[in-house]
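> I'm passing along my_file22.cif; it holds mmCIF, C-alpha atoms.
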```cif
data_protein
loop_
_atom_site.label_atom_id
_atom_site.label_comp_id
_atom_site.auth_asym_id
_atom_site.auth_seq_id
_atom_site.Cartn_x
_atom_site.Cartn_y
_atom_site.Cartn_z
CA MET Q 1 92.33 113.45 63.74
CA ASP Q 2 93.55 116.70 62.15
CA GLN Q 3 93.42 120.38 63.06
CA ASP Q 4 90.24 120.91 61.01
CA ASP Q 5 88.46 118.40 63.26
CA ILE Q 6 89.60 120.26 66.35
CA ASN Q 7 88.56 123.63 64.94
CA HIS Q 8 85.18 122.22 63.94
CA VAL Q 9 84.56 120.87 67.44
CA ASN Q 10 85.73 124.14 68.98
CA THR Q 11 83.23 126.10 66.88
CA ASN Q 12 80.41 123.74 67.81
CA ASP Q 13 81.32 124.08 71.49
CA ARG Q 14 81.15 127.87 71.31
CA ASP Q 15 77.76 127.68 69.63
CA ARG Q 16 76.56 125.22 72.25
CA ASP Q 17 77.85 127.35 75.10
CA SER Q 18 76.01 130.41 73.80
CA ASN Q 19 72.79 128.41 73.81
CA ASP Q 20 73.41 126.93 77.25
CA ASN Q 21 74.48 130.24 78.80
CA GLY Q 22 77.93 128.89 79.63
CA ILE Q 23 79.35 125.66 80.99
CA ASN Q 24 77.19 123.96 83.61
CA ASP Q 25 78.64 122.58 86.84
CA HIS Q 26 76.70 119.31 86.79
CA GLU Q 27 75.60 116.78 84.20
CA THR Q 28 71.96 116.87 83.20
CA ASN Q 29 70.15 113.85 81.79
CA ASN Q 30 73.52 112.23 80.97
CA ARG Q 31 74.13 114.63 78.11
CA SER Q 32 77.79 114.12 77.15
CA SER Q 33 77.95 117.60 75.57
CA ILE Q 34 77.61 119.28 78.96
CA VAL Q 35 80.95 119.64 80.69
CA VAL Q 36 81.43 118.91 84.38
CA VAL Q 37 84.13 121.23 85.64
CA GLY Q 38 85.64 121.99 89.01
CA SER Q 39 86.13 125.40 90.52
CA ASP Q 40 89.90 124.94 90.19
CA PHE Q 41 89.79 124.78 86.38
CA ASN Q 42 91.08 127.89 84.63
CA GLU Q 43 89.46 129.12 81.43
CA ILE Q 44 92.01 127.45 79.15
CA GLU Q 45 91.50 124.10 80.92
CA LYS Q 46 87.74 124.42 80.70
CA SER Q 47 87.91 125.10 76.98
CA LYS Q 48 90.38 122.34 76.16
CA VAL Q 49 88.60 119.75 78.30
CA ALA Q 50 85.36 120.58 76.48
CA ILE Q 51 87.02 120.17 73.08
CA LEU Q 52 88.73 116.95 74.12
CA LYS Q 53 85.49 115.47 75.43
CA ALA Q 54 83.70 116.30 72.18
CA LEU Q 55 86.48 114.73 70.10
CA LEU Q 56 86.40 111.58 72.20
CA GLN Q 57 82.63 111.41 71.83
CA ARG Q 58 83.09 111.35 68.06
CA GLU Q 59 85.89 108.75 68.14
CA ASP Q 60 84.42 106.53 70.87
CA PRO Q 61 80.87 107.45 71.96
CA SER Q 62 81.08 105.31 75.08
CA SER Q 63 84.20 107.04 76.40
CA SER Q 64 82.61 110.28 77.56
CA GLN Q 65 80.12 108.39 79.73
CA GLU Q 66 82.88 106.77 81.81
CA VAL Q 67 85.25 109.64 82.55
CA ASP Q 68 85.09 112.98 84.25
CA ASP Q 69 86.86 116.21 83.46
CA TYR Q 70 89.53 115.76 86.09
CA GLU Q 71 90.68 112.62 84.33
CA LEU Q 72 90.66 114.35 80.96
CA ARG Q 73 92.62 117.25 82.42
CA ARG Q 74 95.29 114.82 83.64
CA PHE Q 75 95.71 113.45 80.12
CA LEU Q 76 95.93 116.99 78.76
CA ARG Q 77 98.55 117.98 81.31
CA ALA Q 78 100.56 114.86 80.50
CA ARG Q 79 100.72 116.07 76.89
CA ASP Q 80 101.36 119.74 77.68
CA MET Q 81 97.72 120.64 76.97
CA ASP Q 82 97.94 119.42 73.36
CA ILE Q 83 94.40 118.27 72.54
CA GLU Q 84 95.24 115.92 69.70
CA LYS Q 85 98.06 114.20 71.61
CA ALA Q 86 95.89 113.89 74.71
CA SER Q 87 93.07 112.39 72.64
CA ASN Q 88 95.36 109.79 71.08
CA MET Q 89 96.80 108.97 74.50
CA PHE Q 90 93.38 108.56 76.08
CA LEU Q 91 92.04 106.37 73.27
CA LYS Q 92 95.08 104.07 73.55
CA TYR Q 93 94.47 103.82 77.29
CA ARG Q 94 90.82 102.95 76.70
CA SER Q 95 91.77 100.25 74.20
CA TRP Q 96 94.31 98.77 76.62
CA LYS Q 97 91.86 98.82 79.51
CA LYS Q 98 89.14 97.04 77.53
CA SER Q 99 91.48 94.23 76.51
CA PHE Q 100 93.40 93.98 79.79
CA MET Q 101 90.45 94.40 82.15
CA PRO Q 102 87.26 93.32 80.38
CA ASN Q 103 85.37 93.59 83.68
CA GLY Q 104 86.61 97.12 84.21
CA SER Q 105 88.49 96.49 87.46
CA ILE Q 106 90.92 94.19 89.27
CA SER Q 107 90.69 92.75 92.76
CA ALA Q 108 93.46 91.62 95.10
CA SER Q 109 92.25 88.02 94.69
CA GLU Q 110 93.43 88.08 91.05
CA ILE Q 111 97.06 88.64 92.03
CA PRO Q 112 97.56 86.48 95.15
CA GLN Q 113 101.29 85.92 94.58
CA GLN Q 114 102.07 89.62 94.27
CA ILE Q 115 99.93 90.42 97.32
CA SER Q 116 101.53 87.64 99.40
CA HIS Q 117 104.94 89.29 99.14
CA ASP Q 118 103.76 92.11 101.46
CA LYS Q 119 105.69 94.69 99.50
CA LEU Q 120 103.01 97.36 99.03
CA PHE Q 121 101.46 99.45 101.82
CA MET Q 122 99.26 102.53 101.95
CA GLN Q 123 98.57 104.64 105.03
CA GLY Q 124 98.63 108.28 106.05
CA PHE Q 125 98.69 111.47 104.00
CA ASP Q 126 101.38 113.99 103.17
CA LYS Q 127 101.04 117.71 103.84
CA GLN Q 128 99.19 118.15 100.54
CA GLY Q 129 96.60 115.53 101.45
CA ARG Q 130 97.99 112.86 99.15
CA PRO Q 131 97.99 109.23 100.38
CA ILE Q 132 101.36 107.69 101.17
CA VAL Q 133 102.33 104.46 99.43
CA VAL Q 134 105.34 102.49 100.70
CA VAL Q 135 107.01 99.91 98.46
CA PHE Q 136 109.70 97.50 99.69
CA GLY Q 137 111.83 96.66 96.67
CA ALA Q 138 113.69 93.78 98.32
CA ARG Q 139 110.40 91.89 98.71
CA HIS Q 140 109.72 91.94 94.99
CA LYS Q 141 110.34 88.78 93.03
CA PRO Q 142 110.29 88.94 89.22
CA GLY Q 143 107.19 87.32 87.80
CA LYS Q 144 104.65 87.83 85.06
CA VAL Q 145 104.66 91.36 83.69
CA ASP Q 146 100.86 91.35 83.51
CA ASP Q 147 100.71 90.71 87.26
CA PHE Q 148 102.90 93.78 87.75
CA ARG Q 149 100.46 95.80 85.65
CA ARG Q 150 97.51 94.44 87.63
CA ILE Q 151 98.95 95.43 91.00
CA LEU Q 152 99.59 98.95 89.71
CA HIS Q 153 96.01 99.22 88.52
CA LEU Q 154 94.85 98.00 91.92
CA LEU Q 155 96.99 100.70 93.54
CA SER Q 156 95.44 103.35 91.30
CA MET Q 157 91.97 102.17 92.27
CA MET Q 158 92.84 102.31 95.97
CA VAL Q 159 94.19 105.84 95.63
CA CYS Q 160 90.99 106.98 93.93
CA LYS Q 161 88.88 105.50 96.74
CA CYS Q 162 90.64 107.43 99.50
CA SER Q 163 87.85 109.62 100.87
CA ARG Q 164 90.19 112.35 102.10
CA ILE Q 165 91.61 113.10 98.66
CA PRO Q 166 89.99 116.09 96.93
CA ARG Q 167 88.37 114.98 93.68
CA SER Q 168 90.73 117.29 91.81
CA GLU Q 169 93.88 115.72 93.28
CA GLU Q 170 94.01 111.93 92.93
CA LYS Q 171 97.77 111.87 93.32
CA PHE Q 172 99.87 109.87 95.73
CA THR Q 173 103.27 110.18 97.36
CA SER Q 174 105.44 107.08 97.36
CA ILE Q 175 108.41 105.92 99.42
CA ALA Q 176 110.38 103.25 97.55
CA ASP Q 177 112.51 101.50 100.16
CA LEU Q 178 115.37 99.55 98.58
CA GLN Q 179 117.08 98.32 101.75
CA GLY Q 180 118.31 94.78 101.09
CA TRP Q 181 117.67 95.06 97.34
CA GLY Q 182 119.87 92.78 95.26
CA TYR Q 183 120.17 91.34 91.80
CA SER Q 184 117.59 88.66 92.62
CA ASN Q 185 115.06 91.49 92.97
CA SER Q 186 116.04 93.19 89.72
CA ASP Q 187 113.13 93.15 87.28
CA ILE Q 188 113.82 95.50 84.38
CA ARG Q 189 110.81 94.28 82.38
CA GLY Q 190 108.59 94.80 85.40
CA TYR Q 191 110.01 98.26 86.12
CA LEU Q 192 109.48 99.34 82.50
CA ALA Q 193 105.94 97.96 82.59
CA ALA Q 194 105.31 99.99 85.74
CA LEU Q 195 106.61 103.13 84.04
CA SER Q 196 104.43 102.52 81.01
CA ILE Q 197 101.33 102.09 83.17
CA LEU Q 198 101.98 105.18 85.27
CA GLN Q 199 102.97 107.43 82.37
CA ASP Q 200 100.62 106.24 79.63
CA CYS Q 201 97.55 104.96 81.47
CA TYR Q 202 97.48 106.87 84.76
CA PRO Q 203 99.20 110.17 83.99
CA GLU Q 204 99.58 112.85 86.63
CA ARG Q 205 98.85 110.40 89.48
CA LEU Q 206 102.35 110.34 90.95
CA GLY Q 207 102.90 113.36 93.15
CA LYS Q 208 106.33 112.55 94.61
CA LEU Q 209 108.62 109.52 94.75
CA PHE Q 210 111.25 109.24 97.47
CA ILE Q 211 113.81 106.50 96.81
CA VAL Q 212 115.43 105.56 100.13
CA HIS Q 213 118.10 103.13 101.33
CA SER Q 214 119.27 102.73 97.75
CA PRO Q 215 122.28 100.36 97.44
CA TYR Q 216 125.03 101.12 94.99
CA ILE Q 217 124.22 98.06 92.86
CA PHE Q 218 120.73 99.46 92.19
CA MET Q 219 122.27 102.17 90.02
CA THR Q 220 123.03 99.53 87.39
CA ALA Q 221 119.30 98.90 86.98
CA TRP Q 222 118.52 102.61 87.33
CA LYS Q 223 120.74 103.51 84.38
CA MET Q 224 118.70 101.13 82.22
CA ILE Q 225 115.37 102.54 83.41
CA TYR Q 226 116.16 106.24 83.48
CA PRO Q 227 116.03 106.91 79.69
CA PHE Q 228 112.43 105.68 79.60
CA ILE Q 229 111.21 108.11 82.27
CA ASP Q 230 109.50 111.18 80.83
CA SER Q 231 110.64 114.64 81.86
CA ASN Q 232 107.58 115.36 84.02
CA THR Q 233 108.06 112.17 86.02
CA LYS Q 234 111.79 112.75 86.47
CA LYS Q 235 111.04 116.00 88.31
CA LYS Q 236 109.03 114.06 90.90
CA ILE Q 237 111.74 111.53 91.80
CA MET Q 238 114.17 112.17 94.66
CA PHE Q 239 116.97 109.95 95.97
CA VAL Q 240 117.31 110.53 99.72
CA GLU Q 241 120.56 110.11 101.65
CA ASN Q 242 120.32 107.95 104.77
CA LYS Q 243 121.59 110.75 107.04
CA LYS Q 244 118.90 113.11 105.76
CA LEU Q 245 116.10 110.56 105.53
CA LYS Q 246 113.87 111.60 108.43
CA SER Q 247 114.33 115.34 107.95
CA THR Q 248 113.59 115.09 104.23
CA LEU Q 249 110.44 113.06 104.74
CA LEU Q 250 109.26 115.34 107.57
CA SER Q 251 109.52 118.31 105.22
CA GLU Q 252 106.71 116.72 103.19
CA ILE Q 253 104.91 114.54 105.78
CA ASP Q 254 103.83 115.32 109.33
CA GLU Q 255 105.27 113.01 112.00
CA SER Q 256 101.76 111.80 112.86
CA GLN Q 257 101.34 110.62 109.25
CA LEU Q 258 104.86 109.35 108.63
CA PRO Q 259 105.17 105.53 108.65
CA GLU Q 260 106.91 104.06 111.71
CA PRO Q 261 109.97 102.64 109.86
CA TYR Q 262 111.02 106.23 109.06
CA GLY Q 263 110.62 107.70 112.53
CA GLY Q 264 106.93 108.49 112.34
CA LYS Q 265 103.95 107.30 114.34
CA LEU Q 266 101.80 105.53 111.77
CA PRO Q 267 101.87 101.71 111.44
CA LEU Q 268 102.17 100.24 107.97
CA VAL Q 269 98.93 98.94 106.40
CA PRO Q 270 99.09 96.34 103.58
CA ILE Q 271 97.41 97.56 100.40
CA GLN Q 272 94.88 94.70 100.53
CA ASP Q 273 93.72 95.83 103.99
CA CYS Q 274 93.14 99.47 103.08
#
```
Take the structure from the file and write it as structure tokens.


Amino acid sequence: MDQDDINHVNTNDRDRDSNDNGINDHETNNRSSIVVVGSDFNEIEKSKVAILKALLQREDPSSSQEVDDYELRRFLRARDMDIEKASNMFLKYRSWKKSFMPNGSISASEIPQQISHDKLFMQGFDKQGRPIVVVFGARHKPGKVDDFRRILHLLSMMVCKCSRIPRSEEKFTSIADLQGWGYSNSDIRGYLAALSILQDCYPERLGKLFIVHSPYIFMTAWKMIYPFIDSNTKKKIMFVENKKLKSTLLSEIDESQLPEPYGGKLPLVPIQDC
């Protein structure tokens, strides 16, 4: 896909918009050329989402019927609003999803071993309305990388289904609790697979990651992982000192929504029970 293609689509979009008297707020008769935009889109985002959707329609006609503009905006933001890079990223994601999840989704019953470890919980919301996900690293046992990918996709699905999240948000805040973590829990392949999924397939979903109770030996694994974390994701990660744990979390999460293990009032809820 070259710049001429993008310019051609952009010209067609302007012509279409002049005929349609602007961009409509709702789809009509499933016409993929009509853009569904939110009130929080600025003019640049509206324009680039429209161009991206048209390009994807040409490359993969089925793609524009299965996504909305918020998802396309996330891919654009992950590539600094570069339309061509966002298009390539989205098409790779679509190809992966078709091969990895031919049925289009994953259920907890497909990953019973990962679920049985009781390492993933989701309950409460931070002050920005994002659901809170708690992960206990010491309960993780290295296994099949594909199972790791499946549980992350399941998490993404659960986040999307949270009724209190504004449609434009779809981000989550995570507390990664590493108390008791040891070398038997170290899973570099799994961690890198998780990064790949979050960064390449579900961009702009992570709002904030608090890493708590981190033992010194974890830094050995962290040094191997860190170079693979993109700059946008790095800005969202925060190591929290034990003595500042509660105060740091309360700066982002109300006490009524903070999980009980961290001094809050909300019981933990396993991801499969959400």

> I'd like the interatomic distance between atom CA of Q:Gln179 and atom CA of Q:Gly124, to a tenth of an Å.

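Value for the atom CA of Q:Gln179-atom CA of Q:Gly124 distance: 21.4 Å.
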
> In terms of the shortest atom-to-atom distance over all atoms listed in the file, which of Q:Asp177, Q:Glu255, Q:Asp80, Q:Glu71 is closest to Q:Val133?

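Result for the nearest residue to Q:Val133: Q:Asp177.
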
> Report, as JSON, the axis-aligned box around all atoms of stretch 133-136 of chain Q present in the file, extended by 5 Å on each side; give centre and edge lengths in Å to one decimal place.


```
{"center_x": 106.0, "center_y": 101.0, "center_z": 99.6, "size_x": 17.4, "size_y": 17.0, "size_z": 12.2}
```

> Which is closer to Q:Leu198 than all the others in Q:Glu84, Q:Phe75, Q:Gly137, Q:Ala176, using only C-alpha atoms?

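Distance minimum relative to Q:Leu198 lands on Q:Phe75.
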
> Which residues, named as in the file, does the PyMOL selection byres ((chain Q and resi 131) around 8) pick out? Answer as a PyMOL selection string.

chain Q and resi 122-126+129-130+132-133+159+162+165+171-173

> Using only C-alpha atoms, which of Q:Phe41, Q:Tyr216, Q:Phe121, Q:Tyr70 sits nearest Q:Glu204?

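Closest candidate: Q:Tyr70.
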
> Quick one: pull the distance between atom CA of Q:Ser62 and atom CA of Q:Ala86, Å, one decimal.

17.1 Å

> Interatomic distance between atom CA of Q:Asn232 and atom CA of Q:Ala78?

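Those two atoms sit 7.9 Å apart.
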
> Tell me which protein, DNA and RNA residues are within 7 Å of Q:Ala138, counting all atoms listed in the file, leaving out same-chain ones fewer than 2 positions away, and put them as a ChimeraX atom specification.

/Q:136,140,178-182,185
